[in-house]
$ cat input05.txt   # compact mmCIF, C-alpha atoms
# COMPACT_ATOMS: atom_id res chain seq x y z
CA MET Q 1 7.06 30.24 4.73
CA VAL Q 2 4.19 28.66 2.75
CA GLN Q 3 2.48 31.10 0.41
CA LYS Q 4 -1.21 31.50 1.17
CA GLY Q 5 -3.41 29.76 -1.39
CA ARG Q 6 -0.63 27.64 -2.85
CA ILE Q 7 -1.36 23.94 -3.32
CA ARG Q 8 1.67 21.98 -2.15
CA VAL Q 9 1.97 18.70 -4.02
CA MET Q 10 3.99 15.57 -3.31
CA LEU Q 11 4.71 12.89 -5.93
CA VAL Q 12 5.17 9.17 -5.18
CA ASP Q 13 6.12 6.85 -8.05
CA ALA Q 14 8.83 4.23 -8.53
CA HIS Q 15 9.65 5.53 -12.03
CA LEU Q 16 11.92 8.57 -12.23
CA MET Q 17 10.80 9.52 -15.75
CA VAL Q 18 7.18 9.62 -14.58
CA LEU Q 19 8.15 11.76 -11.61
CA CYS Q 20 10.12 14.14 -13.82
CA GLY Q 21 7.20 14.58 -16.21
CA LEU Q 22 4.69 15.12 -13.41
CA GLN Q 23 6.93 17.64 -11.68
CA ARG Q 24 7.36 19.72 -14.82
CA LEU Q 25 3.63 19.61 -15.50
CA ILE Q 26 2.68 20.70 -11.99
CA ASP Q 27 5.42 23.31 -11.61
CA ASP Q 28 4.16 24.91 -14.82
CA GLU Q 29 1.15 25.93 -12.70
CA LYS Q 30 3.22 28.00 -10.26
CA PRO Q 31 2.51 29.87 -8.11
CA GLU Q 32 -0.85 28.12 -7.62
CA LEU Q 33 0.65 24.61 -7.56
CA GLU Q 34 4.15 23.54 -6.53
CA VAL Q 35 5.89 20.19 -6.04
CA VAL Q 36 7.37 20.16 -2.53
CA ALA Q 37 8.53 16.53 -2.24
CA ILE Q 38 9.23 13.46 -4.36
CA ALA Q 39 9.53 9.82 -3.25
CA THR Q 40 10.18 6.57 -5.08
CA ASP Q 41 9.22 4.09 -2.35
CA VAL Q 42 6.82 3.65 0.55
CA ALA Q 43 9.28 4.29 3.38
CA GLY Q 44 10.58 7.45 1.75
CA ALA Q 45 7.06 8.65 1.01
CA LEU Q 46 5.92 8.34 4.62
CA GLU Q 47 9.03 10.04 5.94
CA LEU Q 48 8.87 12.93 3.48
CA ALA Q 49 5.13 13.41 3.92
CA ALA Q 50 5.56 13.76 7.67
CA ALA Q 51 8.19 16.46 7.13
CA ALA Q 52 6.74 18.32 4.13
CA LYS Q 53 3.04 18.09 5.10
CA PRO Q 54 1.81 18.40 1.50
CA ASP Q 55 -1.75 19.38 0.64
CA VAL Q 56 -2.11 16.74 -2.08
CA VAL Q 57 -0.12 13.56 -2.70
CA LEU Q 58 -0.14 11.81 -6.09
CA VAL Q 59 0.56 8.10 -5.52
CA ASP Q 60 1.18 5.39 -8.10
CA VAL Q 61 -1.43 2.68 -7.53
CA GLU Q 62 1.29 0.01 -7.70
CA LEU Q 63 2.73 1.35 -4.44
CA ALA Q 64 -0.66 1.36 -2.68
CA THR Q 65 -1.28 -2.38 -2.83
CA ASP Q 66 -2.29 -4.82 -0.08
CA LYS Q 67 1.41 -5.27 0.70
CA ASN Q 68 1.60 -1.56 1.49
CA ALA Q 69 -1.86 -1.20 3.01
CA SER Q 70 -0.68 1.44 5.48
CA LEU Q 71 0.62 3.84 2.81
CA VAL Q 72 -2.54 5.87 2.14
CA PRO Q 73 -3.58 6.14 5.84
CA GLY Q 74 0.04 6.97 6.70
CA LEU Q 75 0.18 9.79 4.16
CA ILE Q 76 -3.07 11.24 5.47
CA ASN Q 77 -1.98 10.67 9.08
CA GLY Q 78 -5.06 12.30 10.58
CA GLY Q 79 -4.27 15.61 8.89
CA ASN Q 80 -5.53 17.61 5.93
CA THR Q 81 -3.44 15.85 3.28
CA ARG Q 82 -5.48 14.54 0.35
CA VAL Q 83 -4.34 11.48 -1.61
CA LEU Q 84 -4.95 11.12 -5.35
CA VAL Q 85 -4.13 7.74 -6.91
CA LEU Q 86 -2.38 7.45 -10.28
CA ASN Q 87 -3.50 4.37 -12.22
CA GLY Q 88 -1.76 3.29 -15.40
CA ALA Q 89 -4.51 0.88 -16.49
CA ARG Q 90 -8.27 0.99 -16.77
CA ASP Q 91 -8.80 -1.49 -13.96
CA ALA Q 92 -10.04 -1.43 -10.38
CA LYS Q 93 -6.68 -1.56 -8.57
CA HIS Q 94 -7.26 1.90 -7.16
CA GLU Q 95 -10.45 0.97 -5.32
CA LEU Q 96 -8.66 -0.49 -2.27
CA ALA Q 97 -6.72 2.77 -1.94
CA ILE Q 98 -10.00 4.71 -2.08
CA LEU Q 99 -11.45 2.51 0.65
CA ARG Q 100 -8.37 3.32 2.76
CA GLY Q 101 -8.90 7.06 2.43
CA ALA Q 102 -7.70 8.27 -0.98
CA CYS Q 103 -9.90 11.00 -2.48
CA GLY Q 104 -9.85 9.90 -6.09
CA VAL Q 105 -8.09 8.42 -9.08
CA ILE Q 106 -6.48 9.94 -12.14
CA HIS Q 107 -5.49 7.72 -15.06
CA LYS Q 108 -2.07 8.16 -16.60
CA ASP Q 109 -3.63 8.51 -20.05
CA ASP Q 110 -5.82 11.42 -18.92
CA THR Q 111 -4.94 14.88 -20.17
CA PRO Q 112 -2.64 17.21 -18.23
CA GLU Q 113 -5.57 19.60 -17.82
CA ARG Q 114 -7.61 16.86 -16.19
CA LEU Q 115 -4.78 16.07 -13.75
CA ILE Q 116 -4.49 19.70 -12.69
CA GLN Q 117 -8.26 19.91 -12.29
CA ALA Q 118 -8.26 16.74 -10.15
CA ILE Q 119 -5.56 18.17 -7.87
CA ARG Q 120 -7.55 21.36 -7.40
CA LYS Q 121 -10.80 19.53 -6.71
CA VAL Q 122 -9.44 17.07 -4.12
CA HIS Q 123 -7.61 19.95 -2.44
CA GLU Q 124 -10.99 21.65 -2.08
CA GLY Q 125 -12.30 18.52 -0.34
CA GLN Q 126 -14.13 16.94 -3.26
CA LEU Q 127 -13.89 13.35 -4.49
CA TRP Q 128 -12.50 12.68 -7.97
CA LEU Q 129 -14.25 9.45 -8.98
CA ASP Q 130 -16.11 8.30 -12.06
CA ARG Q 131 -19.66 7.01 -11.77
CA SER Q 132 -18.81 3.31 -12.17
CA THR Q 133 -16.13 3.43 -9.47
CA THR Q 134 -18.47 5.28 -7.12
CA GLY Q 135 -21.14 2.63 -7.65
CA ARG Q 136 -18.79 -0.28 -6.96
CA LEU Q 137 -17.41 1.39 -3.85
CA PHE Q 138 -20.93 2.05 -2.55
CA VAL Q 139 -21.76 -1.65 -2.93
CA GLU Q 140 -18.53 -2.72 -1.21
CA LEU Q 141 -18.98 -0.30 1.70
CA SER Q 142 -22.56 -1.48 2.15
CA ARG Q 143 -21.40 -5.10 2.17
CA GLN Q 144 -18.68 -4.39 4.74
CA SER Q 145 -21.08 -2.43 6.94
CA SER Q 146 -23.63 -5.23 6.86
CA GLN Q 147 -21.00 -7.87 7.61
CA ALA Q 148 -19.53 -5.89 10.50
CA ALA Q 149 -22.96 -5.23 11.98
CA HIS Q 150 -23.57 -8.98 12.22
CA ASP Q 151 -20.09 -9.94 13.34
CA PRO Q 152 -18.84 -8.38 16.61
CA ALA Q 153 -15.44 -10.14 16.40
CA LYS Q 154 -14.74 -8.76 12.93
CA ARG Q 155 -15.90 -5.32 14.03
CA LYS Q 156 -13.45 -5.42 16.94
CA LEU Q 157 -10.56 -6.56 14.72
CA ASP Q 158 -11.37 -3.89 12.16
CA SER Q 159 -11.08 -1.25 14.88
CA LEU Q 160 -7.35 -1.97 15.25
CA THR Q 161 -4.87 0.31 13.53
CA GLU Q 162 -2.34 -1.11 11.07
CA ARG Q 163 0.38 -0.89 13.71
CA GLU Q 164 -1.81 -2.69 16.25
CA HIS Q 165 -2.37 -5.42 13.66
CA ASP Q 166 1.43 -5.69 13.34
CA VAL Q 167 1.64 -6.30 17.09
CA VAL Q 168 -1.10 -8.95 16.99
CA ARG Q 169 0.55 -10.65 14.00
CA SER Q 170 3.87 -10.87 15.87
CA LEU Q 171 2.17 -12.26 18.98
CA ALA Q 172 0.32 -14.86 16.88
CA ARG Q 173 3.60 -15.99 15.33
CA GLN Q 174 5.50 -15.99 18.66
CA PRO Q 175 2.98 -16.74 21.42
CA GLY Q 176 5.70 -17.54 23.96
CA ALA Q 177 7.91 -14.52 23.27
CA ASP Q 178 8.47 -11.97 26.02
CA ASN Q 179 7.93 -8.24 25.56
CA LYS Q 180 11.58 -7.58 24.83
CA THR Q 181 11.63 -10.12 21.99
CA LEU Q 182 8.35 -8.86 20.52
CA ALA Q 183 9.49 -5.25 20.74
CA SER Q 184 12.73 -6.14 18.98
CA THR Q 185 10.85 -7.95 16.22
CA LEU Q 186 8.67 -4.87 15.68
CA HIS Q 187 11.62 -2.45 15.97
CA ILE Q 188 9.97 -0.50 18.77
CA GLY Q 189 10.67 0.05 22.47
CA GLU Q 190 9.13 -2.10 25.21
CA HIS Q 191 7.23 0.91 26.57
CA THR Q 192 5.69 1.52 23.12
CA LEU Q 193 4.80 -2.18 22.87
CA ARG Q 194 3.04 -2.09 26.25
CA ASN Q 195 1.02 0.94 25.12
CA HIS Q 196 -0.02 -0.86 21.94
CA LEU Q 197 -1.00 -3.98 23.88
CA SER Q 198 -3.05 -1.96 26.35
CA ARG Q 199 -5.06 -0.37 23.52
CA ILE Q 200 -5.47 -3.75 21.81
CA TYR Q 201 -6.81 -5.32 25.03
CA ASP Q 202 -9.34 -2.50 25.36
CA LYS Q 203 -10.51 -2.74 21.75
CA LEU Q 204 -10.83 -6.53 21.70
CA GLY Q 205 -12.18 -6.84 25.24
CA VAL Q 206 -9.46 -9.22 26.49
CA PRO Q 207 -7.55 -8.89 29.78
CA ASN Q 208 -4.08 -10.19 28.86
CA ARG Q 209 -1.80 -11.67 26.22
CA LEU Q 210 -3.03 -15.22 26.73
CA GLU Q 211 -6.64 -14.23 26.15
CA LEU Q 212 -5.51 -12.14 23.17
CA TYR Q 213 -3.84 -15.18 21.62
CA VAL Q 214 -6.97 -17.29 22.21
CA PHE Q 215 -9.11 -14.57 20.63
CA VAL Q 216 -6.91 -14.48 17.53
CA GLN Q 217 -6.95 -18.26 17.13
CA ARG Q 218 -10.70 -18.42 17.66
CA HIS Q 219 -11.38 -15.82 14.99
CA VAL Q 220 -8.64 -16.83 12.57
CA GLU Q 221 -11.04 -16.64 9.59
CA HIS Q 222 -11.27 -12.87 10.13
CA VAL Q 223 -7.60 -12.43 10.82
CA GLN Q 224 -6.30 -14.45 7.89
CA PRO Q 225 -6.59 -11.74 5.19
CA ARG Q 226 -4.37 -9.45 7.24
CA PHE Q 227 -2.13 -12.13 8.68
$ encode --input "input05.txt" --output "structure tokens"
Amino acid sequence: MVQKGRIRVMLVDAHLMVLCGLQRLIDDEKPELEVVAIATDVAGALELAAAAKPDVVLVDVELATDKNASLVPGLINGGNTRVLVLNGARDAKHELAILRGACGVIHKDDTPERLIQAIRKVHEGQLWLDRSTTGRLFVELSRQSSQAAHDPAKRKLDSLTEREHDVVRSLARQPGADNKTLASTLHIGEHTLRNHLSRIYDKLGVPNRLELYVFVQRHVEHVQPRF
């Protein structure tokens, strides 16, 4: 049974020493804060988050890269989980994770008190961002909004989920493959694949797989960053 008022924290970092230090630091704040799960890779993080349903997840920025673009949305998973990014350098690597739904960034050279404060604040629903990061993100979001408003094809493609993009990528690579082959490539069932395709057709406004393939080829300049 989860104690009322307790902030349940999950840690995601590839370095065990970092995880050990963070766990001790956070568990020192019991009973208000408690570490409920620890993961060292993306797959483990998503699996544990689904089971533990933490309130706040601390994620090393190196695991939330373009290669693992689905990590932050997957941790949130439409629920109340807040993601706080851990950055080891004073650079802008964390900004992509923020654009994907993370609530803020804490630098690894910040004080322990600042980390605990950040966890509390994002748990309350606040953002934990410095002024310069907020300014850059505002500019980027404005740019994306303007571009999407003038580009219906990009807007349609951006409406796809990461998993739906996986399906479209596989179809683009294997245009002649049947559903069984595509489903096997994606490690899903044929019924699940058909459901994905149906939603993709609706979002992109195409009637079938052939038209979907033509759409992808026609708008390859928008697809390329993801494909």
$ closest_residue --input "input05.txt" --among "Q:Ser70, Q:Leu204, Q:Arg24, Q:Thr65" --to "Q:Arg155" --atoms "all atoms listed in the file"
Q:Leu204
$ residues_around --input "input05.txt" --residues "stretch 33-40 of chain Q" --least-positions-apart "6" --cutoff "7 Å" --atoms "all atoms listed in the file" --output "list of chain:residue names"
Q:Arg6, Q:Ile7, Q:Arg8, Q:Val9, Q:Met10, Q:Leu11, Q:Val12, Q:Asp13, Q:Ala14, Q:Gln23, Q:Ile26, Q:Asp27, Q:Leu48, Q:Ala52
$ atom_distance --input "input05.txt" --atom1 "atom CA of Q:Val56" --atom2 "atom CA of Q:Asn68"
19.0 Å
$ atom_distance --input "input05.txt" --atom1 "atom CA of Q:Leu58" --atom2 "atom CA of Q:His187"
28.8 Å
$ atom_distance --input "input05.txt" --atom1 "atom CA of Q:Gly189" --atom2 "atom CA of Q:Arg209"
17.5 Å
$ axis_aligned_box --input "input05.txt" --around "stretch 56-62 of chain Q" --padding-each-side "4 Å" --output "lines of an AutoDock Vina configuration file"
center_x = -0.4
center_y = 8.4
center_z = -5.1
size_x = 11.4
size_y = 24.7
size_z = 14.0
$ closest_residue --input "input05.txt" --among "Q:Ala50, Q:Leu99, Q:Leu115, Q:Ala45" --to "Q:Leu22" --atoms "all atoms listed in the file"
Q:Leu115
$ residues_around --input "input05.txt" --residues "stretch 74-86 of chain Q" --least-positions-apart "6" --cutoff "9 Å" --atoms "only C-alpha atoms" --output "count of residues only"
33
$ closest_residue --input "input05.txt" --among "Q:Leu25, Q:Val216, Q:Leu19, Q:Leu129" --to "Q:Pro112" --atoms "all atoms listed in the file"
Q:Leu25
$ build_atoms --input "input05.txt" --residues "stretch 198-214 of chain Q" --atoms "N, CA and C atoms" --output "CSV table (one decimal), in the frame of the given file"
chain,number,residue,atom,x,y,z
Q,198,SER,N,-2.0,-2.5,25.5
Q,198,SER,CA,-3.0,-2.0,26.4
Q,198,SER,C,-4.2,-1.5,25.5
Q,199,ARG,N,-4.0,-0.8,24.4
Q,199,ARG,CA,-5.1,-0.4,23.5
Q,199,ARG,C,-5.7,-1.6,22.8
Q,200,ILE,N,-4.9,-2.6,22.5
Q,200,ILE,CA,-5.5,-3.8,21.8
Q,200,ILE,C,-6.4,-4.5,22.8
Q,201,TYR,N,-6.0,-4.7,24.0
Q,201,TYR,CA,-6.8,-5.3,25.0
Q,201,TYR,C,-8.2,-4.6,25.2
Q,202,ASP,N,-8.1,-3.3,25.2
Q,202,ASP,CA,-9.3,-2.5,25.4
Q,202,ASP,C,-10.3,-2.7,24.2
Q,203,LYS,N,-9.7,-2.6,23.0
Q,203,LYS,CA,-10.5,-2.7,21.8
Q,203,LYS,C,-11.1,-4.1,21.6
Q,204,LEU,N,-10.4,-5.2,21.9
Q,204,LEU,CA,-10.8,-6.5,21.7
Q,204,LEU,C,-11.6,-7.1,22.9
Q,205,GLY,N,-11.5,-6.4,24.0
Q,205,GLY,CA,-12.2,-6.8,25.2
Q,205,GLY,C,-11.5,-8.1,25.9
Q,206,VAL,N,-10.2,-8.1,25.9
Q,206,VAL,CA,-9.5,-9.2,26.5
Q,206,VAL,C,-8.6,-8.7,27.6
Q,207,PRO,N,-8.3,-9.4,28.6
Q,207,PRO,CA,-7.6,-8.9,29.8
Q,207,PRO,C,-6.0,-9.0,29.7
Q,208,ASN,N,-5.5,-10.0,28.9
Q,208,ASN,CA,-4.1,-10.2,28.9
Q,208,ASN,C,-3.6,-10.9,27.5
Q,209,ARG,N,-2.3,-11.1,27.5
Q,209,ARG,CA,-1.8,-11.7,26.2
Q,209,ARG,C,-2.3,-13.1,25.9
Q,210,LEU,N,-2.5,-13.9,27.0
Q,210,LEU,CA,-3.0,-15.2,26.7
Q,210,LEU,C,-4.4,-15.2,26.1
Q,211,GLU,N,-5.3,-14.4,26.7
Q,211,GLU,CA,-6.6,-14.2,26.2
Q,211,GLU,C,-6.6,-13.6,24.7
Q,212,LEU,N,-5.7,-12.7,24.5
Q,212,LEU,CA,-5.5,-12.1,23.2
Q,212,LEU,C,-5.2,-13.2,22.2
Q,213,TYR,N,-4.2,-14.1,22.5
Q,213,TYR,CA,-3.8,-15.2,21.6
Q,213,TYR,C,-5.0,-16.1,21.3
Q,214,VAL,N,-5.8,-16.4,22.4
Q,214,VAL,CA,-7.0,-17.3,22.2
Q,214,VAL,C,-8.0,-16.6,21.3
